[in-house]
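K.L.:
Below is one structure. I have some questions about it.
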There are 2 protein chains.
Amino acid sequence: MGSDYKIPYKIYLEESEMPTHWYNVRADMENKPAPLLNPGTLQPMTAQELGGVFCDELVKQELDDDTRLIEIPAEIRDFYRMYRPAPLVRAYCLEKALGTPAKIYYKFEGNNTSGSHKLNSAIAQAYYAKKQGLKGVTTETGAGQWGTALSMACAYLDLDCKVYMVKVSYEQKPFRREVMRTYGAEVTPSPSDTTEVGRKILAEHPGTTGSLGCAISEAVEVAVTNEGYRYVLGSVLNQVLLHQSIIGVETKLAMDKYDIRPDIIIGCAGGGSNLGGLISPFMGEKLRGEADYRIIAVEPASCPSFTRGVFAYDFCDTGMICPLAKMYTLGSGFIPSPNHAGGLRFHGMSAILSQLYHDGYMEARAVEQTEVFRAAEQFARVEGVLPAPESSHAIKAAIDEALKCKETGEEKTILFGLTGTGYFDMVAYEQFHNGTMTDYIPTDEDLQVGFDGIPKFPGNLQ
Amino acid sequence: MGSDYKIPYKIYLEESEMPTHWYNVRADMENKPAPLLNPGTLQPMTAQELGGVFCDELVKQELDDDTRLIEIPAEIRDFYRMYRPAPLVRAYCLEKALGTPAKIYYKFEGNNTSGSHKLNSAIAQAYYAKKQGLKGVTTETGAGQWGTALSMACAYLDLDCKVYMVKVSYEQKPFRREVMRTYGAEVTPSPSDTTEVGRKILAEHPGTTGSLGCAISEAVEVAVTNEGYRYVLGSVLNQVLLHQSIIGVETKLAMDKYDIRPDIIIGCAGGGSNLGGLISPFMGEKLRGEADYRIIAVEPASCPSFTRGVFAYDFCDTGMICPLAKMYTLGSGFIPSPNHAGGLRFHGMSAILSQLYHDGYMEARAVEQTEVFRAAEQFARVEGVLPAPESSHAIKAAIDEALKCKETGEEKTILFGLTGTGYFDMVAYEQFHNGTMTDYIPTDEDLQVGFDGIPKFPGNLQ
């Protein structure tokens, strides 16, 4: 490459160029995401009802389908400056290794201790809780990225933080627990006997390795039954996608600075926070008819909510105590197979992304985990970054698209989100190295289990 | 803080501003570091003798006491662009938490997958090995940072990489091993039965948890007895300090850009690679009488080579097969107590830094590990970065200096090196959280053991 390259390896915005507003993609959606429903009345949740679970300001953001730009409070911008702007990296070495004419860029969100993009929303949610004078927050975490991020944000703001961690991750990732403890959080493996819903799940499914859905139920129960606590969630919600729009807005500013226009935008999809954040300003242009982009969501074949789920109202948690969201879902009783490594294990999908997918604004594909780890290793060896398994889903799809360009000779520009680092995923990497990692594609019968016991009503799961 | 701050949180150089040359501090030293001695003849090692162990170009750099600036090859600069420039961070949040009038800056070298500054020299050494047409390299690693860095560099250049890992780290940090495997390295716990010297050490000290000195002996033996292999070392050597000068040169450029002048410069010191790199251009000014800085080396009380070692010729390895260096040393038979966490476990110290310390150009202090972890946790909670135990020695000293400023009201500018992240040190963090971490200050008798069996000759250990 030498010194003749025009685009730097890493494009950093100056701090003075950093976004001052989050972008609310709902403002540009013709078909708004369906409202959350009260699980008791099946009526749209009111602000007052939501206020029992979430902070007031976050409720406002959750329900706001109209305001296009929402100012980022100065205190949050200060915190963002500790680890942002995140670099937009030109993957010169990967391009060379693949021999592709495609130009590959990735937005790297792993350059902070939480190791992922989750911190972008964690600090916002913690900030609003603090501002409301609360004592603390409760949450769940799967792979541990969200719990770590929230612990960091709470330590910074001196807020109490109770984390319910999916049991399989708690056991496979003891070091994650210690990171959270370093930041002062209280971490409990879920399902646990500390909550009513946890005890019920344990009784019904003894030996379960847990799921995000269970952990959410427990965290919500603790929040609503303890004075001065609210629940916070790291993905799925409209408010989270709003905060994560910082990823996409920064990316777009950096690309515009160098006159780069992506043809394909790729993100991994679990609950949708990274994907929704990355694509938001690009999706806005697409919705407004100003530009066209191919947008691809990549999900695990073992937890395929977009590609094999149904678009319907469902509970956000296993315990069926949370509101219902209209989303692509595998059923709130779905628990990923124990051989599923890493995150992206939520049974549903952001209502915003679900609506956009339903309306044809984006594609989705499912990939198997051994091919994901193969892509991860290939990427690590040439690009230096050790990617999280979640992020590696996007890498896999980006490599596939780049290889298609190699066949056709097209010089497409591919952008993907590298959401985080894999430092705490070495058990999975070890399985991959030892050849003990397996793939799992659920059968249709397997998938049916997720819907067992969910009450039926018009408009929801039939 | 808000928007009124003049110095950004993070100062990044543009890629176009990045250094093109390493700075060789030896050129400005009146008293040059003493030459390496051949352990058989006790005469200075010739280039030819060194060439059996190291690559030819690195031998040249090792012996070059005169060339002030050495050009960084374009290929290495390209690699540097993957993760450099490293940010110079203003620790606004730490300053606020301490209530100090001091201004604290840290150069953060942990923003790459190896998690530390070690990559700066790893890529250089791997590059020269590749250029010489070698098959591969051998090395040792303690905490695992160097082995990880070298594995990454070798993967990038398609070189074979054999790593001897200090047994205690191999056992306490299994995930480090998997990271190295991800990058294709072969990792062996040391002492091992794969080498003659390893078998000898095992016979004499059954149950030893190993030391850097043992691992070096094994790696060197493998390099000199296998065709097409050379040995590479992550610290101590002149060549390593040369490569690591990139840290200091970048730091100085970034500080000059904002008219910042440090009063105190602090680095942790094990073999001296980070400290030597960080201080180099500042030390150059000091040596040339152009500026004065207070420079402080911080080492573990359990491995106190500067503060309690002797300045004499000693072997660089336990097996006494490597050349002798004139340095501050605890004796090449010294093995840190098993309760010593993290790196900074080498018995000696860079010859360059040893000479500078001996000549009064810098200070040194020793700190105990529980106070180091306390500083690490305090730093993590406000600055967000989870620091490596090694780096946290510098944090501890920086906090102490900042608190002195609080007492005196002085607005000193403190710069320290944050060499890396602690993602793979969670066993030690867990011990700290559980209260099972202990301190250990060796007695004078304990320290005497390191010198047992070392042959005496005029000028070396008496």
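Following the order of the structure tokens, chains are lettered A, B, ..., residues in each are numbered from 1, and ligands are numbered from 1.
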Give me, as number ranges by chain, the contact residues of chain A against chain B at a cut-off of 6 Å, counting only C-alpha atoms.

P.N.:
A: 2, 74, 113, 155-156, 175, 178, 183, 381-382, 385-386, 426, 430

K.L.:
So, counting only C-alpha atoms, which residue among A:Val298, A:Leu63, A:Leu119, A:Met320 is closest to Gly333 of chain A?

P.N.:
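Among A:Val298, A:Leu63, A:Leu119, A:Met320, it is A:Met320 that comes nearest to Gly333 of chain A.
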
K.L.:
How would you write, as a list in words, the set of residues in segment 222-282 of chain B that DSSP gives as strand (DSSP E or B)?

P.N.:
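Restricting segment 222-282 of chain B to strand (DSSP E or B) produces Tyr229, Arg230, Tyr231, Ile264, Ile265, Ile266, Gly267 and Cys268 of chain B.
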
K.L.:
Take the residues just selected and output them with C-alpha atoms as a PDB file, in the first residue's frame.

P.N.:
ATOM      1  CA  TYR B 229      14.681 -19.292  13.364  1.00  0.00           C
ATOM      2  CA  ARG B 230      15.805 -16.333  15.400  1.00  0.00           C
ATOM      3  CA  TYR B 231      14.937 -15.192  18.879  1.00  0.00           C
ATOM      4  CA  ILE B 264       6.530  14.890  35.673  1.00  0.00           C
ATOM      5  CA  ILE B 265       6.698  11.836  33.420  1.00  0.00           C
ATOM      6  CA  ILE B 266       5.797   8.464  34.923  1.00  0.00           C
ATOM      7  CA  GLY B 267       6.048   4.951  33.535  1.00  0.00           C
ATOM      8  CA  CYS B 268       5.846   1.455  34.912  1.00  0.00           C
TER       9      CYS B 268
END

K.L.:
So that I can check the surroundings of segment 18-32 of chain B, please list as an mmCIF file with N, CA, C and O atoms, in the first residue's frame every protein, DNA and RNA residue that reaches within 7 Å of it, counting only C-alpha atoms and ignoring chain neighbours fewer than 3 positions away.

P.N.:
data_model
loop_
_atom_site.group_PDB
_atom_site.id
_atom_site.type_symbol
_atom_site.label_atom_id
_atom_site.label_comp_id
_atom_site.auth_asym_id
_atom_site.auth_seq_id
_atom_site.Cartn_x
_atom_site.Cartn_y
_atom_site.Cartn_z
ATOM 1 N N LEU B 13 -3.106 12.414 16.721
ATOM 2 C CA LEU B 13 -2.411 12.990 15.566
ATOM 3 C C LEU B 13 -3.124 12.539 14.305
ATOM 4 O O LEU B 13 -3.726 11.468 14.269
ATOM 5 N N GLU B 14 -3.043 13.348 13.276
ATOM 6 C CA GLU B 14 -3.483 12.886 11.956
ATOM 7 C C GLU B 14 -2.485 11.825 11.480
ATOM 8 O O GLU B 14 -1.316 11.854 11.878
ATOM 9 N N GLU B 15 -2.933 10.940 10.599
ATOM 10 C CA GLU B 15 -1.987 9.949 10.080
ATOM 11 C C GLU B 15 -0.801 10.637 9.398
ATOM 12 O O GLU B 15 0.330 10.165 9.452
ATOM 13 N N ASP B 65 24.908 3.021 18.668
ATOM 14 C CA ASP B 65 24.801 4.003 19.754
ATOM 15 C C ASP B 65 24.806 5.438 19.225
ATOM 16 O O ASP B 65 24.760 6.384 20.019
ATOM 17 N N ASP B 66 24.872 5.602 17.922
ATOM 18 C CA ASP B 66 25.173 6.933 17.388
ATOM 19 C C ASP B 66 24.089 7.569 16.518
ATOM 20 O O ASP B 66 23.919 8.782 16.539
ATOM 21 N N THR B 67 23.391 6.742 15.734
ATOM 22 C CA THR B 67 22.405 7.334 14.817
ATOM 23 C C THR B 67 21.194 7.820 15.610
ATOM 24 O O THR B 67 20.518 7.022 16.268
ATOM 25 N N ARG B 68 20.926 9.112 15.548
ATOM 26 C CA ARG B 68 19.863 9.678 16.382
ATOM 27 C C ARG B 68 18.478 9.280 15.870
ATOM 28 O O ARG B 68 17.607 8.899 16.640
ATOM 29 N N LEU B 69 18.269 9.387 14.567
ATOM 30 C CA LEU B 69 16.959 9.064 13.999
ATOM 31 C C LEU B 69 17.090 7.906 13.020
ATOM 32 O O LEU B 69 17.939 7.936 12.126
ATOM 33 N N ILE B 70 16.259 6.909 13.173
ATOM 34 C CA ILE B 70 16.311 5.738 12.285
ATOM 35 C C ILE B 70 14.950 5.618 11.611
ATOM 36 O O ILE B 70 13.908 5.572 12.289
ATOM 37 N N GLU B 71 14.982 5.581 10.292
ATOM 38 C CA GLU B 71 13.719 5.610 9.551
ATOM 39 C C GLU B 71 12.893 4.348 9.807
ATOM 40 O O GLU B 71 13.426 3.234 9.826
ATOM 41 N N ILE B 72 11.603 4.544 9.987
ATOM 42 C CA ILE B 72 10.683 3.413 10.142
ATOM 43 C C ILE B 72 10.304 2.934 8.744
ATOM 44 O O ILE B 72 9.762 3.717 7.967
ATOM 45 N N PRO B 85 -2.247 6.502 15.183
ATOM 46 C CA PRO B 85 -1.666 7.000 16.421
ATOM 47 C C PRO B 85 -2.495 6.581 17.631
ATOM 48 O O PRO B 85 -3.715 6.459 17.542
ATOM 49 N N LEU B 242 14.297 1.355 21.108
ATOM 50 C CA LEU B 242 14.273 2.149 19.877
ATOM 51 C C LEU B 242 12.878 2.111 19.239
ATOM 52 O O LEU B 242 12.288 3.154 18.937
ATOM 53 N N HIS B 243 12.347 0.895 19.065
ATOM 54 C CA HIS B 243 11.014 0.783 18.441
ATOM 55 C C HIS B 243 9.943 1.461 19.293
ATOM 56 O O HIS B 243 9.025 2.091 18.792
ATOM 57 N N SER B 245 10.216 3.964 21.037
ATOM 58 C CA SER B 245 10.297 5.430 21.052
ATOM 59 C C SER B 245 9.116 6.052 20.303
ATOM 60 O O SER B 245 8.798 7.218 20.511
ATOM 61 N N ILE B 246 8.449 5.255 19.473
ATOM 62 C CA ILE B 246 7.252 5.760 18.781
ATOM 63 C C ILE B 246 6.236 6.306 19.793
ATOM 64 O O ILE B 246 5.535 7.294 19.523
ATOM 65 N N VAL B 249 7.650 9.772 20.959
ATOM 66 C CA VAL B 249 7.705 10.747 19.867
ATOM 67 C C VAL B 249 6.290 11.221 19.534
ATOM 68 O O VAL B 249 6.036 12.421 19.392
ATOM 69 N N GLU B 250 5.362 10.272 19.446
ATOM 70 C CA GLU B 250 3.953 10.655 19.213
ATOM 71 C C GLU B 250 3.428 11.539 20.344
ATOM 72 O O GLU B 250 2.734 12.524 20.108
ATOM 73 N N SER B 280 11.661 8.693 25.886
ATOM 74 C CA SER B 280 12.851 8.903 25.053
ATOM 75 C C SER B 280 13.045 10.342 24.546
ATOM 76 O O SER B 280 14.104 10.930 24.788
ATOM 77 N N GLY B 284 15.863 12.896 25.787
ATOM 78 C CA GLY B 284 16.799 13.487 24.826
ATOM 79 C C GLY B 284 16.991 14.970 25.101
ATOM 80 O O GLY B 284 18.115 15.468 25.172
ATOM 81 N N LEU B 287 18.983 15.313 28.272
ATOM 82 C CA LEU B 287 20.403 14.989 28.055
ATOM 83 C C LEU B 287 21.121 16.111 27.314
ATOM 84 O O LEU B 287 22.285 16.390 27.562
ATOM 85 N N ARG B 288 20.406 16.745 26.406
ATOM 86 C CA ARG B 288 21.020 17.833 25.629
ATOM 87 C C ARG B 288 20.938 19.170 26.367
ATOM 88 O O ARG B 288 21.350 20.203 25.835
#

K.L.:
Pick out the residues sitting within 10 Å of Tyr361 of chain B, and hand them over as a list in words; count only C-alpha atoms, and ignore anything fewer than 4 positions along from it in its own chain.

P.N.:
Met283, Lys286, Leu287, Asp292, Tyr293, Arg294, Ile295, Ile296, Leu353, Gln355, Leu356 and Tyr357 of chain B

K.L.:
Taking 4 positions as the minimum chain separation for residues in the same chain, which residues sit within 9 Å of Gly409 of chain A when counting only C-alpha atoms? Answer as a ChimeraX atom specification.

P.N.:
/A:100-102,404-405

K.L.:
What does the structure give for the distance between atom CA of Ser192 of chain A and atom CA of Phe451 of chain A, in Å to one decimal?

P.N.:
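Result for atom CA of Ser192 of chain A versus atom CA of Phe451 of chain A: 22.8 Å, one decimal.
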
K.L.:
Using DSSP on the backbone, list every residue of segment 23-253 of chain B that comes out as helix (DSSP H, G or I), and give them as a PyMOL selection string.

P.N.:
chain B and resi 25-28+47-51+56-63+74-83+92-98+119-131+145-157+167-172+174-182+196-204+212-225+238-253

K.L.:
Measuring between only C-alpha atoms, which one of B:Tyr258, B:Tyr127, B:Phe54, B:Phe108 shows the shortest distance to Ala86 of chain B?

P.N.:
B:Phe108

K.L.:
With distances taken over only C-alpha atoms, which of A:Leu98, A:Ile441, A:Ala301, A:Val222 is nearest to Leu344 of chain A?

P.N.:
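Closest residue, counting only C-alpha atoms: A:Ala301.
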
K.L.:
Considering only C-alpha atoms, can you say which of A:Ala185, A:Met180, A:Ala325, A:Leu88 comes closest to Tyr105 of chain A?

P.N.:
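Checking each of A:Ala185, A:Met180, A:Ala325, A:Leu88 against Tyr105 of chain A, counting only C-alpha atoms, the winner is A:Leu88.
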
K.L.:
At a cut-off of 9 Å, using only C-alpha atoms, what residues contact Leu447 of chain A? Leave out same-chain residues fewer than 6 positions from it and give the result as a PDB file with C-alpha atoms, in the first residue's frame.

P.N.:
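As a result, selection13.pdb now contains:
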ATOM      1  CA  ARG A 308     -37.699 -17.686  10.584  1.00  0.00           C
ATOM      2  CA  GLY A 309     -39.726 -15.755  13.142  1.00  0.00           C
ATOM      3  CA  LEU A 330     -39.410 -16.814  17.772  1.00  0.00           C
ATOM      4  CA  GLY A 331     -41.832 -16.777  20.682  1.00  0.00           C
ATOM      5  CA  PHE A 334     -37.637 -19.581  22.931  1.00  0.00           C
TER       6      PHE A 334
END

K.L.:
From the set B:Glu95, B:Asp56, B:Glu186, B:Glu371, which residue has the shortest atom-to-atom contact distance to Thr139 of chain B, counting only C-alpha atoms?

P.N.:
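Once distances to Thr139 of chain B are computed over only C-alpha atoms, the minimum belongs to B:Glu186.
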